[in-house]
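Notes follow once the structure below has been shown.
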Amino acid sequence: MAVKSKTPYTLQRRKVVQRILEDRGDAAVVTGIGNAVHDVASANDDPKNMYLAGIMGGAAMVAFGVALAQPKRRILVITGDGELLAGIGSLATIGVEQPKNLSIIVIDNQAYGATGNQHTHTGRGVDLVGIAAASGFKKTALITTEAELEAELPRIHNQPGPYFAVVKVVSKTSPRINAPKDGTYVSRRFRAAVTGESA
Amino acid sequence: MATKKKTDWSKDVFKVLKKADVQQIAYVPDAGHTSLIKMAIADNAIKPVSLTSEQEGVAVLAGAWLGGEAGALLMQSSGVGNVINMLGMANECRFPLLMLVTMRGEWGEFNPWQVPMGQATESVLEASGVIVHRVDEPSEIAETVEAAAKLAFEGGRMVAVLIGQRVVGFKDWTK
């Protein structure tokens with residue numbers, strides 16, 4: 001079933017992601033599939049972006065692996081609600097492991113935006129913030145306005161983690177961005193930028 | 001079955017993993033991996049990651065490599081069914097991936113539910129682009145893992161070592 005009723009949310013996903021990444025400093029970013037790739041690429045095609053353009057449910061754990069290997073660097077996950085739901089057990093694993101340098105940001109449009117805007121569970125009562133909090137994330141937030149986003153930015157980038165936020169956004173598709181698609185290219189560019197070694 | 005023998009191959013395999021500079025060991029427990037998991041937890045230079053599902057392991061080790069570290073995934077053959085989709089990512093990105101899989105559903109299996117996945121494990125991995133090394137002789141496990149680690153980390157490939165149920169032993173629920 002496609003989403004018919006309008007959600008009460010007004011934040012635009014692309015503007016939200018661009019605002020978050022303005023303050024990224026030397027953080028590495030791992031994206032989920034679909035719109036998250038285009039949102040992140042629209043801010044800046046930084047070599048420290050890993051676009052996971054074709055996998056459901058892996059972004060949080062890929063980022064956690066980077067966080068373990070790069071404990072001094074902030075690692076941000078920018079993903080969608082559908083992608084996170086596909087790997088929901090990751091929240092339990094990350095909650096147990098307590099990486100201080102990991103922040104997960106879910107851009108939540110309550111829909112599978114890339115496949116026809118069908119409902120995800122988040123518009124039907126499933127509370128991802130609650131799941132993250134109950135899994136042991138150190139700080140969690142639900143962001144629905146620009147003011148809340150501004151207030152949360154320092155914590156997204158600096159709060160000892162694991163940190164988790166859901167940003168509720170309007171369910172509307174934004175234009176595609178020409179992010180590099182080739183996995184071997186993006187991953188080797190990322191590794192070289194993050195480790196300082198040639199891959 | 002000889003318990004001592006089982007411990008011995010685990011020790012040798014652990015040495016091989018250390019020599020290959022493995023720093024992250026992700027696992028979903030299996031009885032056959034008990035000793036290796038204990039050694040991983042006891043070693044301060046290793047970051048052990050216990051998983052809710054094997055697919056998380058393929059993802060976390062992708063991250064390990066992206067961040068400049070090497071890792072290994074320990075699981076039972078029943079877990080191989082859970083990693084297939086995530087292997088598509090490792091394949092597309094040509095991430096090195098070392099998996100040590102203890103087999104069920106074959107030699108002397110008593111639980112019929114283990115048989116379908118156990119029998120499909122090797123062909124399913126190969127269909128997903130994973131290079132499979134199977135080992136049924138305890139004395140050959142460490143050298144097989146050493147070769148697999150080299151192929152994974154230096155050859156840049158997905159490699160699975162299948163450790164036969166004949167080596168791991170029958171599951172005895174009375175113990």
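Labeling convention for the structure tokens: chains A, B, ... as they appear, residues from 1 per chain, ligands from 1 in order of appearance.
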Would you mind listing, as a VMD selection string, all residues of chain B that have at least one atom within 8 Å of chain A, where only C-alpha atoms are what counts?
chain B and resid 47 49 to 53 55 to 57 59 to 69 85 to 86 88 to 89 92 to 94
Return as a VMD selection string the full set of residues in region 57-137 of chain A whose backbone-based DSSP assignment is alpha helix (DSSP H).
chain A and resid 59 to 69 81 to 85 89 to 97 128 to 134
Taking the DSSP assignment computed from this structure's backbone, write out as an MDAnalysis selection string all residues of region 9-173 of chain B that belong to strand (DSSP E).
chainID B and resid 22:27 47:50 70:76 97:102 131:135 158:163
For Gln12 (chain A), which residue out of A:Ala141, A:Val129, A:Ile107, A:Val77 is the nearest one, using only C-alpha atoms?
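Residue with the minimum atom-to-atom distance to Gln12 (chain A): A:Ile107.
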Selection near Pro160 (chain A), 9 Å with only C-alpha atoms, sequence-local residues under 2 positions removed, as a list in words
Pro99, Lys100, Asn101, Leu102, Lys138, Lys139, Arg155, His157, Asn158, Pro162 and Tyr163 of chain A
Produce a file of the selected residues containing N, CA and C atoms, as a compact mmCIF listing (two decimals), in the first residue's frame.
# COMPACT_ATOMS: atom_id res chain seq x y z
N PRO A 99 30.37 2.08 20.56
CA PRO A 99 31.39 2.91 19.90
C PRO A 99 31.14 4.40 20.20
N LYS A 100 32.17 5.06 20.71
CA LYS A 100 32.00 6.47 21.11
C LYS A 100 31.94 7.42 19.92
N ASN A 101 32.47 6.97 18.78
CA ASN A 101 32.65 7.87 17.63
C ASN A 101 31.64 7.63 16.51
N LEU A 102 30.53 6.99 16.83
CA LEU A 102 29.56 6.66 15.78
C LEU A 102 28.23 7.38 16.01
N LYS A 138 23.78 5.94 23.70
CA LYS A 138 24.04 6.89 24.79
C LYS A 138 23.12 8.11 24.71
N LYS A 139 22.85 8.56 23.49
CA LYS A 139 22.01 9.74 23.32
C LYS A 139 21.16 9.51 22.09
N ARG A 155 25.65 17.73 19.06
CA ARG A 155 25.64 16.35 19.58
C ARG A 155 25.87 15.34 18.46
N HIS A 157 27.72 15.68 15.97
CA HIS A 157 29.13 15.67 15.58
C HIS A 157 30.10 15.42 16.73
N ASN A 158 29.68 15.68 17.96
CA ASN A 158 30.65 15.62 19.07
C ASN A 158 30.25 14.77 20.27
N PRO A 162 27.52 5.66 21.39
CA PRO A 162 26.81 5.78 20.13
C PRO A 162 25.62 6.73 20.22
N TYR A 163 25.50 7.56 19.15
CA TYR A 163 24.45 8.57 19.06
C TYR A 163 23.47 8.15 17.97
Point out the residue among A:Ala27, A:Ala179, A:Leu85, A:Ala114 with the least atom-to-atom distance to Lys72 (chain A), counting only C-alpha atoms.
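For Lys72 (chain A), the nearest of the candidates is A:Ala27.
CA of Glu137 (chain B) is found 17.6 Å from CA of Leu36 (chain B).
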Can you list, as a list of chain:residue names, every protein, DNA or RNA residue that comes within 12 Å of Glu22 (chain A) when you count only C-alpha atoms, leaving out same-chain residues fewer than 6 positions away?
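Using only C-alpha atoms, the neighbours found are A:Lys15, A:Val16, A:Val40, A:Ser42, A:Ala43, A:Asn44, A:Asp46, A:Glu150, A:Leu153, A:Pro154, A:His157.
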Find the residue from A:Phe137, A:Ile105, A:Gly130, A:Lys172 that sits nearest to Asn117 (chain A); use only C-alpha atoms when measuring.
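Checking each candidate against Asn117 (chain A), we get A:Lys172 as the closest.
Here CA of Ser139 (chain B) stands at a distance of 25.4 Å from CA of Pro96 (chain B).
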I'd like the contact shell of Gly125 (chain A) - 12 Å cut-off, only C-alpha atoms, skipping same-chain residues fewer than 6 positions apart - returned as a tab-separated table (two decimals) with C-alpha atoms, in the first residue's frame.
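Just written: around-v5.tsv:
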chain	number	residue	atom	x	y	z
A	110	GLN	CA	8.04	6.72	6.56
A	119	HIS	CA	4.65	2.43	3.77
A	131	ILE	CA	14.48	0.94	19.83
Env of region 14-21 of chain B: 12 Å cut, atoms = only C-alpha atoms, seq-sep filter 4 positions within chain, self excluded. Answer as an MDAnalysis selection string.
chainID B and resid 7:10 25 33:47 65 68:74 98:100 141:154
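Our summary of the geometry notes that CA of Arg14 (chain A) is positioned 14.4 Å from CA of Val166 (chain A).
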Contacts of region 162-170 of chain B within 9 Å, only C-alpha atoms, excl. fewer than 3 positions in-chain, as number ranges by chain:
B: 1-2, 6, 31-33, 77, 99-110, 121-122, 132-138, 141
